[in-house]
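As provided, target38.pdb (PDB, C-alpha atoms and all ligand atoms) reads as follows.
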ATOM      1  CA  MET A  29      82.878 120.439  -1.593  1.00  0.00           C
ATOM      2  CA  SER A  30      86.247 120.867  -3.192  1.00  0.00           C
ATOM      3  CA  LEU A  31      87.375 124.453  -3.788  1.00  0.00           C
ATOM      4  CA  THR A  32      87.941 125.544  -7.433  1.00  0.00           C
ATOM      5  CA  ILE A  33      91.112 127.565  -8.034  1.00  0.00           C
ATOM      6  CA  GLY A  34      91.435 129.315 -11.404  1.00  0.00           C
ATOM      7  CA  VAL A  35      95.043 129.490 -12.607  1.00  0.00           C
ATOM      8  CA  THR A  36      95.916 132.049 -15.248  1.00  0.00           C
ATOM      9  CA  GLY A  37      98.792 134.073 -16.667  1.00  0.00           C
ATOM     10  CA  GLY A  38     100.154 135.178 -20.013  1.00  0.00           C
ATOM     11  CA  ILE A  39     101.748 132.868 -22.551  1.00  0.00           C
ATOM     12  CA  GLY A  40     104.921 131.299 -21.162  1.00  0.00           C
ATOM     13  CA  SER A  41     104.262 132.554 -17.624  1.00  0.00           C
ATOM     14  CA  GLY A  42     104.364 128.986 -16.315  1.00  0.00           C
ATOM     15  CA  LYS A  43     100.716 127.836 -16.019  1.00  0.00           C
ATOM     16  CA  SER A  44     101.404 124.265 -17.155  1.00  0.00           C
ATOM     17  CA  THR A  45     104.520 124.066 -14.978  1.00  0.00           C
ATOM     18  CA  VAL A  46     102.520 125.285 -11.969  1.00  0.00           C
ATOM     19  CA  ALA A  47      99.716 122.793 -12.672  1.00  0.00           C
ATOM     20  CA  ARG A  48     102.255 119.964 -12.688  1.00  0.00           C
ATOM     21  CA  ALA A  49     103.704 121.243  -9.397  1.00  0.00           C
ATOM     22  CA  PHE A  50     100.230 121.143  -7.791  1.00  0.00           C
ATOM     23  CA  ALA A  51      99.665 117.678  -9.311  1.00  0.00           C
ATOM     24  CA  ALA A  52     102.761 116.554  -7.359  1.00  0.00           C
ATOM     25  CA  HIS A  53     100.717 117.432  -4.224  1.00  0.00           C
ATOM     26  CA  GLY A  54      97.935 115.135  -5.485  1.00  0.00           C
ATOM     27  CA  ILE A  55      95.789 117.915  -6.934  1.00  0.00           C
ATOM     28  CA  ASP A  56      93.577 117.332 -10.001  1.00  0.00           C
ATOM     29  CA  TRP A  57      93.254 119.924 -12.771  1.00  0.00           C
ATOM     30  CA  ILE A  58      91.524 120.635 -16.045  1.00  0.00           C
ATOM     31  CA  ASP A  59      92.980 122.789 -18.819  1.00  0.00           C
ATOM     32  CA  ALA A  60      90.494 125.032 -20.654  1.00  0.00           C
ATOM     33  CA  ASP A  61      92.627 124.753 -23.826  1.00  0.00           C
ATOM     34  CA  ASP A  62      92.213 120.962 -23.792  1.00  0.00           C
ATOM     35  CA  VAL A  63      88.441 121.381 -23.470  1.00  0.00           C
ATOM     36  CA  ALA A  64      88.445 123.885 -26.361  1.00  0.00           C
ATOM     37  CA  ARG A  65      90.154 121.228 -28.501  1.00  0.00           C
ATOM     38  CA  GLU A  66      87.840 118.443 -27.286  1.00  0.00           C
ATOM     39  CA  ILE A  67      84.638 120.152 -28.427  1.00  0.00           C
ATOM     40  CA  VAL A  68      85.849 120.427 -32.041  1.00  0.00           C
ATOM     41  CA  ALA A  69      87.230 116.878 -32.298  1.00  0.00           C
ATOM     42  CA  PRO A  70      85.996 114.739 -35.230  1.00  0.00           C
ATOM     43  CA  GLY A  71      82.431 113.533 -34.555  1.00  0.00           C
ATOM     44  CA  GLU A  72      81.564 116.508 -32.317  1.00  0.00           C
ATOM     45  CA  PRO A  73      78.507 118.571 -33.379  1.00  0.00           C
ATOM     46  CA  ALA A  74      80.495 121.843 -33.219  1.00  0.00           C
ATOM     47  CA  LEU A  75      82.876 120.579 -35.899  1.00  0.00           C
ATOM     48  CA  ALA A  76      79.955 119.714 -38.203  1.00  0.00           C
ATOM     49  CA  GLU A  77      78.506 123.219 -37.719  1.00  0.00           C
ATOM     50  CA  ILE A  78      81.872 124.810 -38.467  1.00  0.00           C
ATOM     51  CA  THR A  79      82.400 122.842 -41.685  1.00  0.00           C
ATOM     52  CA  ASP A  80      78.795 123.547 -42.790  1.00  0.00           C
ATOM     53  CA  HIS A  81      79.524 127.243 -42.332  1.00  0.00           C
ATOM     54  CA  PHE A  82      83.111 127.600 -43.606  1.00  0.00           C
ATOM     55  CA  GLY A  83      83.353 124.600 -45.952  1.00  0.00           C
ATOM     56  CA  HIS A  84      85.736 121.680 -45.900  1.00  0.00           C
ATOM     57  CA  GLY A  85      88.714 123.993 -46.438  1.00  0.00           C
ATOM     58  CA  VAL A  86      88.931 124.294 -42.644  1.00  0.00           C
ATOM     59  CA  LEU A  87      89.598 120.552 -42.282  1.00  0.00           C
ATOM     60  CA  THR A  88      92.899 118.714 -42.551  1.00  0.00           C
ATOM     61  CA  VAL A  89      93.083 115.639 -44.813  1.00  0.00           C
ATOM     62  CA  GLU A  90      92.567 113.514 -41.681  1.00  0.00           C
ATOM     63  CA  GLY A  91      89.301 115.346 -40.942  1.00  0.00           C
ATOM     64  CA  HIS A  92      90.573 117.365 -37.977  1.00  0.00           C
ATOM     65  CA  LEU A  93      89.962 121.071 -37.598  1.00  0.00           C
ATOM     66  CA  ASP A  94      92.724 123.012 -39.371  1.00  0.00           C
ATOM     67  CA  ARG A  95      93.193 125.681 -36.704  1.00  0.00           C
ATOM     68  CA  ARG A  96      95.617 127.695 -38.781  1.00  0.00           C
ATOM     69  CA  ALA A  97      93.180 127.913 -41.734  1.00  0.00           C
ATOM     70  CA  LEU A  98      90.338 128.850 -39.407  1.00  0.00           C
ATOM     71  CA  ARG A  99      92.441 131.489 -37.640  1.00  0.00           C
ATOM     72  CA  GLY A 100      93.274 132.987 -41.042  1.00  0.00           C
ATOM     73  CA  ILE A 101      89.547 133.479 -41.721  1.00  0.00           C
ATOM     74  CA  VAL A 102      88.345 134.714 -38.349  1.00  0.00           C
ATOM     75  CA  PHE A 103      91.261 137.037 -37.518  1.00  0.00           C
ATOM     76  CA  ALA A 104      90.469 138.970 -40.670  1.00  0.00           C
ATOM     77  CA  ASP A 105      86.700 139.119 -40.104  1.00  0.00           C
ATOM     78  CA  ASP A 106      85.067 140.131 -36.840  1.00  0.00           C
ATOM     79  CA  ALA A 107      81.598 138.867 -37.768  1.00  0.00           C
ATOM     80  CA  GLU A 108      82.992 135.409 -38.592  1.00  0.00           C
ATOM     81  CA  ARG A 109      84.945 135.383 -35.325  1.00  0.00           C
ATOM     82  CA  GLN A 110      81.789 136.200 -33.409  1.00  0.00           C
ATOM     83  CA  TRP A 111      79.879 133.480 -35.244  1.00  0.00           C
ATOM     84  CA  LEU A 112      82.614 130.955 -34.395  1.00  0.00           C
ATOM     85  CA  GLU A 113      82.593 132.000 -30.745  1.00  0.00           C
ATOM     86  CA  SER A 114      78.800 131.643 -30.611  1.00  0.00           C
ATOM     87  CA  VAL A 115      79.263 128.003 -31.649  1.00  0.00           C
ATOM     88  CA  THR A 116      82.265 127.146 -29.481  1.00  0.00           C
ATOM     89  CA  HIS A 117      81.976 129.198 -26.277  1.00  0.00           C
ATOM     90  CA  PRO A 118      78.690 127.773 -24.930  1.00  0.00           C
ATOM     91  CA  ARG A 119      79.951 124.240 -25.590  1.00  0.00           C
ATOM     92  CA  ILE A 120      83.307 124.908 -23.931  1.00  0.00           C
ATOM     93  CA  ARG A 121      81.521 126.354 -20.943  1.00  0.00           C
ATOM     94  CA  GLU A 122      79.102 123.425 -20.690  1.00  0.00           C
ATOM     95  CA  ARG A 123      81.929 120.874 -20.910  1.00  0.00           C
ATOM     96  CA  LEU A 124      84.055 122.818 -18.416  1.00  0.00           C
ATOM     97  CA  GLU A 125      81.183 123.025 -15.965  1.00  0.00           C
ATOM     98  CA  ALA A 126      80.694 119.253 -16.201  1.00  0.00           C
ATOM     99  CA  HIS A 127      84.418 118.643 -15.522  1.00  0.00           C
ATOM    100  CA  LEU A 128      84.389 121.111 -12.624  1.00  0.00           C
ATOM    101  CA  ALA A 129      81.227 119.622 -11.103  1.00  0.00           C
ATOM    102  CA  ARG A 130      82.844 116.189 -11.187  1.00  0.00           C
ATOM    103  CA  MET A 131      86.002 117.507  -9.486  1.00  0.00           C
ATOM    104  CA  ALA A 132      84.049 119.601  -6.968  1.00  0.00           C
ATOM    105  CA  ALA A 133      82.122 116.517  -5.852  1.00  0.00           C
ATOM    106  CA  THR A 134      85.252 114.662  -4.704  1.00  0.00           C
ATOM    107  CA  ASP A 135      86.851 114.644  -1.247  1.00  0.00           C
ATOM    108  CA  ALA A 136      89.849 116.600  -2.557  1.00  0.00           C
ATOM    109  CA  PRO A 137      90.342 119.897  -0.688  1.00  0.00           C
ATOM    110  CA  TYR A 138      90.672 121.794  -3.966  1.00  0.00           C
ATOM    111  CA  HIS A 139      91.246 121.420  -7.739  1.00  0.00           C
ATOM    112  CA  LEU A 140      92.407 123.702 -10.568  1.00  0.00           C
ATOM    113  CA  LEU A 141      90.971 125.233 -13.713  1.00  0.00           C
ATOM    114  CA  VAL A 142      93.983 126.272 -15.807  1.00  0.00           C
ATOM    115  CA  SER A 143      92.994 128.854 -18.411  1.00  0.00           C
ATOM    116  CA  PRO A 144      95.009 131.432 -20.356  1.00  0.00           C
ATOM    117  CA  LEU A 145      91.814 133.470 -20.812  1.00  0.00           C
ATOM    118  CA  LEU A 146      90.298 133.035 -17.342  1.00  0.00           C
ATOM    119  CA  PHE A 147      89.246 136.706 -17.088  1.00  0.00           C
ATOM    120  CA  GLU A 148      88.722 137.490 -20.793  1.00  0.00           C
ATOM    121  CA  SER A 149      86.369 134.521 -21.299  1.00  0.00           C
ATOM    122  CA  GLY A 150      84.369 135.039 -18.098  1.00  0.00           C
ATOM    123  CA  GLN A 151      85.585 131.671 -16.758  1.00  0.00           C
ATOM    124  CA  HIS A 152      86.638 133.407 -13.536  1.00  0.00           C
ATOM    125  CA  ARG A 153      82.960 133.204 -12.617  1.00  0.00           C
ATOM    126  CA  LEU A 154      83.316 129.409 -12.417  1.00  0.00           C
ATOM    127  CA  VAL A 155      86.048 129.519  -9.749  1.00  0.00           C
ATOM    128  CA  ASP A 156      86.320 130.382  -6.038  1.00  0.00           C
ATOM    129  CA  ARG A 157      89.751 132.032  -6.205  1.00  0.00           C
ATOM    130  CA  CYS A 158      91.982 133.346  -9.006  1.00  0.00           C
ATOM    131  CA  LEU A 159      95.690 132.505  -8.913  1.00  0.00           C
ATOM    132  CA  VAL A 160      97.803 134.596 -11.298  1.00  0.00           C
ATOM    133  CA  ILE A 161     101.244 133.415 -12.444  1.00  0.00           C
ATOM    134  CA  ASP A 162     103.321 136.532 -12.801  1.00  0.00           C
ATOM    135  CA  ILE A 163     106.677 137.080 -14.510  1.00  0.00           C
ATOM    136  CA  PRO A 164     108.388 140.163 -15.950  1.00  0.00           C
ATOM    137  CA  GLU A 165     107.813 140.540 -19.691  1.00  0.00           C
ATOM    138  CA  PRO A 166     111.425 140.071 -20.871  1.00  0.00           C
ATOM    139  CA  LEU A 167     111.545 136.691 -19.099  1.00  0.00           C
ATOM    140  CA  GLN A 168     108.106 135.774 -20.436  1.00  0.00           C
ATOM    141  CA  ILE A 169     109.308 136.529 -23.973  1.00  0.00           C
ATOM    142  CA  SER A 170     112.559 134.583 -23.650  1.00  0.00           C
ATOM    143  CA  ARG A 171     110.866 131.513 -22.085  1.00  0.00           C
ATOM    144  CA  THR A 172     108.110 131.507 -24.708  1.00  0.00           C
ATOM    145  CA  ALA A 173     110.602 131.933 -27.568  1.00  0.00           C
ATOM    146  CA  ARG A 174     112.747 129.066 -26.266  1.00  0.00           C
ATOM    147  CA  ARG A 175     109.788 126.734 -25.646  1.00  0.00           C
ATOM    148  CA  ASP A 176     107.979 127.389 -28.955  1.00  0.00           C
ATOM    149  CA  GLY A 177     111.004 127.824 -31.219  1.00  0.00           C
ATOM    150  CA  VAL A 178     109.901 131.317 -32.272  1.00  0.00           C
ATOM    151  CA  ASP A 179     111.915 134.523 -32.203  1.00  0.00           C
ATOM    152  CA  ASP A 180     111.500 137.281 -29.612  1.00  0.00           C
ATOM    153  CA  ALA A 181     109.497 139.472 -32.022  1.00  0.00           C
ATOM    154  CA  GLN A 182     106.921 136.699 -32.577  1.00  0.00           C
ATOM    155  CA  ALA A 183     106.644 136.036 -28.850  1.00  0.00           C
ATOM    156  CA  ARG A 184     106.212 139.775 -28.225  1.00  0.00           C
ATOM    157  CA  ALA A 185     103.440 139.931 -30.875  1.00  0.00           C
ATOM    158  CA  ILE A 186     101.472 137.178 -29.085  1.00  0.00           C
ATOM    159  CA  LEU A 187     101.930 138.951 -25.752  1.00  0.00           C
ATOM    160  CA  ALA A 188     100.560 142.156 -27.232  1.00  0.00           C
ATOM    161  CA  THR A 189      97.197 140.441 -27.932  1.00  0.00           C
ATOM    162  CA  GLN A 190      96.787 139.378 -24.277  1.00  0.00           C
ATOM    163  CA  MET A 191      95.564 141.155 -21.167  1.00  0.00           C
ATOM    164  CA  SER A 192      98.268 143.319 -19.594  1.00  0.00           C
ATOM    165  CA  ARG A 193     100.265 142.090 -16.635  1.00  0.00           C
ATOM    166  CA  LYS A 194      98.985 144.981 -14.527  1.00  0.00           C
ATOM    167  CA  GLU A 195      95.323 144.291 -15.303  1.00  0.00           C
ATOM    168  CA  ARG A 196      95.704 140.594 -14.538  1.00  0.00           C
ATOM    169  CA  LEU A 197      97.460 141.274 -11.228  1.00  0.00           C
ATOM    170  CA  ALA A 198      94.740 143.704 -10.201  1.00  0.00           C
ATOM    171  CA  ARG A 199      92.216 140.851 -10.450  1.00  0.00           C
ATOM    172  CA  ALA A 200      94.276 138.214  -8.641  1.00  0.00           C
ATOM    173  CA  ASP A 201      93.344 136.733  -5.259  1.00  0.00           C
ATOM    174  CA  ASP A 202      96.722 134.979  -5.077  1.00  0.00           C
ATOM    175  CA  VAL A 203      99.949 135.481  -7.041  1.00  0.00           C
ATOM    176  CA  ILE A 204     102.901 133.222  -7.832  1.00  0.00           C
ATOM    177  CA  ASP A 205     106.071 135.070  -8.787  1.00  0.00           C
ATOM    178  CA  ASN A 206     107.672 132.774 -11.380  1.00  0.00           C
ATOM    179  CA  SER A 207     110.759 134.875 -12.035  1.00  0.00           C
ATOM    180  CA  GLY A 208     112.892 132.534  -9.939  1.00  0.00           C
ATOM    181  CA  ASP A 209     114.118 128.991 -10.477  1.00  0.00           C
ATOM    182  CA  ALA A 210     112.231 125.692 -10.194  1.00  0.00           C
ATOM    183  CA  ALA A 211     112.951 125.438  -6.457  1.00  0.00           C
ATOM    184  CA  ALA A 212     111.525 128.917  -5.774  1.00  0.00           C
ATOM    185  CA  LEU A 213     108.403 127.944  -7.719  1.00  0.00           C
ATOM    186  CA  ALA A 214     108.040 124.653  -5.813  1.00  0.00           C
ATOM    187  CA  ASP A 215     108.261 126.558  -2.490  1.00  0.00           C
ATOM    188  CA  GLN A 216     105.466 128.940  -3.461  1.00  0.00           C
ATOM    189  CA  VAL A 217     103.264 126.072  -4.694  1.00  0.00           C
ATOM    190  CA  ALA A 218     103.849 124.190  -1.405  1.00  0.00           C
ATOM    191  CA  ARG A 219     102.863 127.289   0.579  1.00  0.00           C
ATOM    192  CA  LEU A 220      99.688 127.823  -1.458  1.00  0.00           C
ATOM    193  CA  ASP A 221      98.878 124.121  -1.222  1.00  0.00           C
ATOM    194  CA  ARG A 222      98.886 124.411   2.585  1.00  0.00           C
ATOM    195  CA  HIS A 223      96.775 127.568   2.379  1.00  0.00           C
ATOM    196  CA  TYR A 224      94.176 126.038   0.020  1.00  0.00           C
ATOM    197  CA  ARG A 225      94.018 122.838   2.071  1.00  0.00           C
ATOM    198  CA  ALA A 226      93.348 124.921   5.185  1.00  0.00           C
ATOM    199  CA  SER A 227      90.491 126.778   3.457  1.00  0.00           C
ATOM    200  CA  GLY A 228      89.143 123.806   1.385  1.00  0.00           C
ATOM    201  CA  GLY A 229      85.554 122.954   2.167  1.00  0.00           C
ATOM    202  CA  ALA A 230      85.088 126.259   3.975  1.00  0.00           C
ATOM    203  CA  THR A 231      82.980 127.778   1.193  1.00  0.00           C
TER     204      THR A 231
HETATM  205  P1  LIG A 301     102.392 128.440 -19.944  1.00  0.00           P
HETATM  206  O1  LIG A 301     101.683 127.122 -19.692  1.00  0.00           O
HETATM  207  O2  LIG A 301     101.929 129.548 -19.040  1.00  0.00           O
HETATM  208  O3  LIG A 301     102.394 128.876 -21.378  1.00  0.00           O
HETATM  209  P2  LIG A 301     104.799 126.888 -19.317  1.00  0.00           P
HETATM  210  O4  LIG A 301     104.459 126.235 -18.019  1.00  0.00           O
HETATM  211  O5  LIG A 301     104.776 126.027 -20.553  1.00  0.00           O
HETATM  212  O6  LIG A 301     103.938 128.234 -19.541  1.00  0.00           O
HETATM  213  O7  LIG A 301     106.243 127.565 -19.141  1.00  0.00           O
HETATM  214  C1  LIG A 301     106.891 128.219 -20.243  1.00  0.00           C
HETATM  215  C2  LIG A 301     108.336 127.708 -20.373  1.00  0.00           C
HETATM  216  O8  LIG A 301     109.097 128.205 -19.285  1.00  0.00           O
HETATM  217  C3  LIG A 301     108.455 126.195 -20.364  1.00  0.00           C
HETATM  218  O9  LIG A 301     109.463 125.812 -21.273  1.00  0.00           O
HETATM  219  C4  LIG A 301     108.852 125.897 -18.918  1.00  0.00           C
HETATM  220  O10 LIG A 301     109.607 124.718 -18.822  1.00  0.00           O
HETATM  221  C5  LIG A 301     109.687 127.127 -18.566  1.00  0.00           C
HETATM  222  N1  LIG A 301     109.595 127.487 -17.132  1.00  0.00           N
HETATM  223  C6  LIG A 301     108.479 127.619 -16.367  1.00  0.00           C
HETATM  224  N2  LIG A 301     108.774 127.982 -15.102  1.00  0.00           N
HETATM  225  C7  LIG A 301     110.137 128.088 -15.063  1.00  0.00           C
HETATM  226  C8  LIG A 301     111.090 128.450 -14.021  1.00  0.00           C
HETATM  227  N3  LIG A 301     110.692 128.779 -12.785  1.00  0.00           N
HETATM  228  N4  LIG A 301     112.388 128.449 -14.353  1.00  0.00           N
HETATM  229  C9  LIG A 301     112.797 128.148 -15.606  1.00  0.00           C
HETATM  230  N5  LIG A 301     111.985 127.804 -16.626  1.00  0.00           N
HETATM  231  C10 LIG A 301     110.660 127.781 -16.367  1.00  0.00           C
END

What does this structure look like when you write it as structure tokens?
Amino acid sequence: MSLTIGVTGGIGSGKSTVARAFAAHGIDWIDADDVAREIVAPGEPALAEITDHFGHGVLTVEGHLDRRALRGIVFADDAERQWLESVTHPRIRERLEAHLARMAATDAPYHLLVSPLLFESGQHRLVDRCLVIDIPEPLQISRTARRDGVDDAQARAILATQMSRKERLARADDVIDNSGDAAALADQVARLDRHYRASGGAT
């Protein structure tokens, strides 16, 4: 059995960068955000349920889910948000579990579930260990602003909606400090890779 490592952190903390660094060690990973997009792709039953409920105003002209329009509705209305989550969350979970089962069945010592909402969504229950990517907030804001082309105030507003750094760290089994440069990050990933390989298959 391959060990499942959950990778999480706030926006711009470096989750995708870390996943690519592990991939350089031959490690497979699945991103919960990709799965969340998959289950509402055209032709998927969840998308049909959503358009039945909210109308075709939540579709783009190409028939894809218009996430911005949908966000506008559900951020302003808790009951609608809960309804949407009741449609999407079980399907995301089911699809994630299928991906994880496939990866767990390989000979690989371990694999990753990368998820910005690992703890908030309960997905930490699907993993053996939680790896938190930690950076100080000012750096998180500047990296997010640069990557997404938003200003610091917008980046700070997104941060404010997420779990606090302290709370996340308190729930971590392992931590990567991503306040350094790319080489410092690569060193920490190499060290964890050795650690996970040594404990892979032990559970
Ligand atoms: P997340 O997936 O957590 O939102 P990313 O991996 O996309 O974060 O990283 C956010 C931004 O910061 C990206 O532009 C990335 O290239 C940059 N970045 C990540 N780690 C480092 C680092 N150690 N040094 C400099 N820039 C970094």

Could you tell me, counting all atoms listed in the file, which protein and nucleic acid residues lie no more than 7 Å from ligand LIG 301 (chain A), written as a list in words? Gly37, Gly38, Ile39, Gly40, Ser41, Gly42, Lys43, Ser44, Thr45, Val46, Arg171, Thr172, Arg174, Arg175, Asn206, Ser207, Gly208, Asp209, Ala210 and Leu213 of chain A

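Among the candidates A:Arg153, A:Arg184, A:His81, A:Arg193, the one nearest to Ile33 in chain A when counting all atoms listed in the file is A:Arg153.
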
Near Ile55 in chain A, counting all atoms listed in the file, which residues have an atom at most 12 Å away, once you skip same-chain residues fewer than 2 positions from it, shown as a PDB file with C-alpha atoms, in the coordinates of the input?
ATOM      1  CA  SER A  30      86.247 120.867  -3.192  1.00  0.00           C
ATOM      2  CA  LEU A  31      87.375 124.453  -3.788  1.00  0.00           C
ATOM      3  CA  THR A  32      87.941 125.544  -7.433  1.00  0.00           C
ATOM      4  CA  ILE A  33      91.112 127.565  -8.034  1.00  0.00           C
ATOM      5  CA  VAL A  46     102.520 125.285 -11.969  1.00  0.00           C
ATOM      6  CA  ALA A  47      99.716 122.793 -12.672  1.00  0.00           C
ATOM      7  CA  ARG A  48     102.255 119.964 -12.688  1.00  0.00           C
ATOM      8  CA  ALA A  49     103.704 121.243  -9.397  1.00  0.00           C
ATOM      9  CA  PHE A  50     100.230 121.143  -7.791  1.00  0.00           C
ATOM     10  CA  ALA A  51      99.665 117.678  -9.311  1.00  0.00           C
ATOM     11  CA  ALA A  52     102.761 116.554  -7.359  1.00  0.00           C
ATOM     12  CA  HIS A  53     100.717 117.432  -4.224  1.00  0.00           C
ATOM     13  CA  TRP A  57      93.254 119.924 -12.771  1.00  0.00           C
ATOM     14  CA  ILE A  58      91.524 120.635 -16.045  1.00  0.00           C
ATOM     15  CA  MET A 131      86.002 117.507  -9.486  1.00  0.00           C
ATOM     16  CA  ALA A 132      84.049 119.601  -6.968  1.00  0.00           C
ATOM     17  CA  THR A 134      85.252 114.662  -4.704  1.00  0.00           C
ATOM     18  CA  ASP A 135      86.851 114.644  -1.247  1.00  0.00           C
ATOM     19  CA  ALA A 136      89.849 116.600  -2.557  1.00  0.00           C
ATOM     20  CA  PRO A 137      90.342 119.897  -0.688  1.00  0.00           C
ATOM     21  CA  TYR A 138      90.672 121.794  -3.966  1.00  0.00           C
ATOM     22  CA  HIS A 139      91.246 121.420  -7.739  1.00  0.00           C
ATOM     23  CA  LEU A 140      92.407 123.702 -10.568  1.00  0.00           C
ATOM     24  CA  LEU A 141      90.971 125.233 -13.713  1.00  0.00           C
ATOM     25  CA  VAL A 217     103.264 126.072  -4.694  1.00  0.00           C
ATOM     26  CA  ALA A 218     103.849 124.190  -1.405  1.00  0.00           C
ATOM     27  CA  LEU A 220      99.688 127.823  -1.458  1.00  0.00           C
ATOM     28  CA  ASP A 221      98.878 124.121  -1.222  1.00  0.00           C
ATOM     29  CA  ARG A 222      98.886 124.411   2.585  1.00  0.00           C
ATOM     30  CA  TYR A 224      94.176 126.038   0.020  1.00  0.00           C
ATOM     31  CA  ARG A 225      94.018 122.838   2.071  1.00  0.00           C
TER      32      ARG A 225
END

Using only C-alpha atoms, pick whichever of A:Gln190, A:Ser149, A:Thr116, A:Ser143 has the shortest atom-to-atom distance to Ala74 in chain A. A:Thr116

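The two atoms in question, CA of Ala173 in chain A and CA of Cys158 in chain A, are spaced 26.3 Å apart.
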
CA of Glu148 in chain A and CA of Ser114 in chain A, how far apart in Å?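 Between these atoms lies a distance of 15.1 Å.
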
Kindly give the distance, in Å, that separates CA of Thr189 in chain A and CA of Asp156 in chain A, rounded to a single decimal.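 Separation of CA of Thr189 in chain A and CA of Asp156 in chain A: 26.4 Å.
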
Report the residues retrieved by the PyMOL selection byres (((chain A and resi 85) around 12) and not hetatm) from the displayed file, expressed as a ChimeraX atom specification. /A:78-84,86-89,91-98,100-101

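Nearest to Lys194 in chain A of all the residues A:Asp56, A:Asp180, A:Asp215, A:Asp162 is A:Asp162, based on all atoms listed in the file.
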
Can you tell me which residues surround Ala60 in chain A at a distance of at most 10 Å, considering all atoms listed in the file, apart from same-chain residues fewer than 2 positions away, and format the answer as a compact mmCIF listing (two decimals) with C-alpha atoms, in the frame of the given file?
# COMPACT_ATOMS: atom_id res chain seq x y z
CA TRP A 57 93.25 119.92 -12.77
CA ILE A 58 91.52 120.64 -16.05
CA ASP A 62 92.21 120.96 -23.79
CA VAL A 63 88.44 121.38 -23.47
CA ALA A 64 88.44 123.88 -26.36
CA ARG A 65 90.15 121.23 -28.50
CA GLU A 66 87.84 118.44 -27.29
CA ILE A 120 83.31 124.91 -23.93
CA ARG A 121 81.52 126.35 -20.94
CA ARG A 123 81.93 120.87 -20.91
CA LEU A 124 84.06 122.82 -18.42
CA LEU A 141 90.97 125.23 -13.71
CA VAL A 142 93.98 126.27 -15.81
CA SER A 143 92.99 128.85 -18.41
CA PRO A 144 95.01 131.43 -20.36
CA LEU A 145 91.81 133.47 -20.81
CA LEU A 146 90.30 133.04 -17.34
CA GLN A 151 85.58 131.67 -16.76

Nearest-residue call for Ala126 in chain A, choices A:Gln216, A:Glu108, A:Leu159, A:Leu154, using all atoms listed in the file: A:Leu154

Calculated over all atoms listed in the file, which of the candidates A:Ala183, A:Val160, A:Leu75, A:Ala226 has the smallest distance to Ile204 in chain A?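 Nearest to Ile204 in chain A: A:Val160.
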
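When all atoms listed in the file are used to compute distances to Trp111 in chain A, the closest of the residues A:Gly34, A:Leu197, A:Glu77, A:Ala212 turns out to be A:Glu77.
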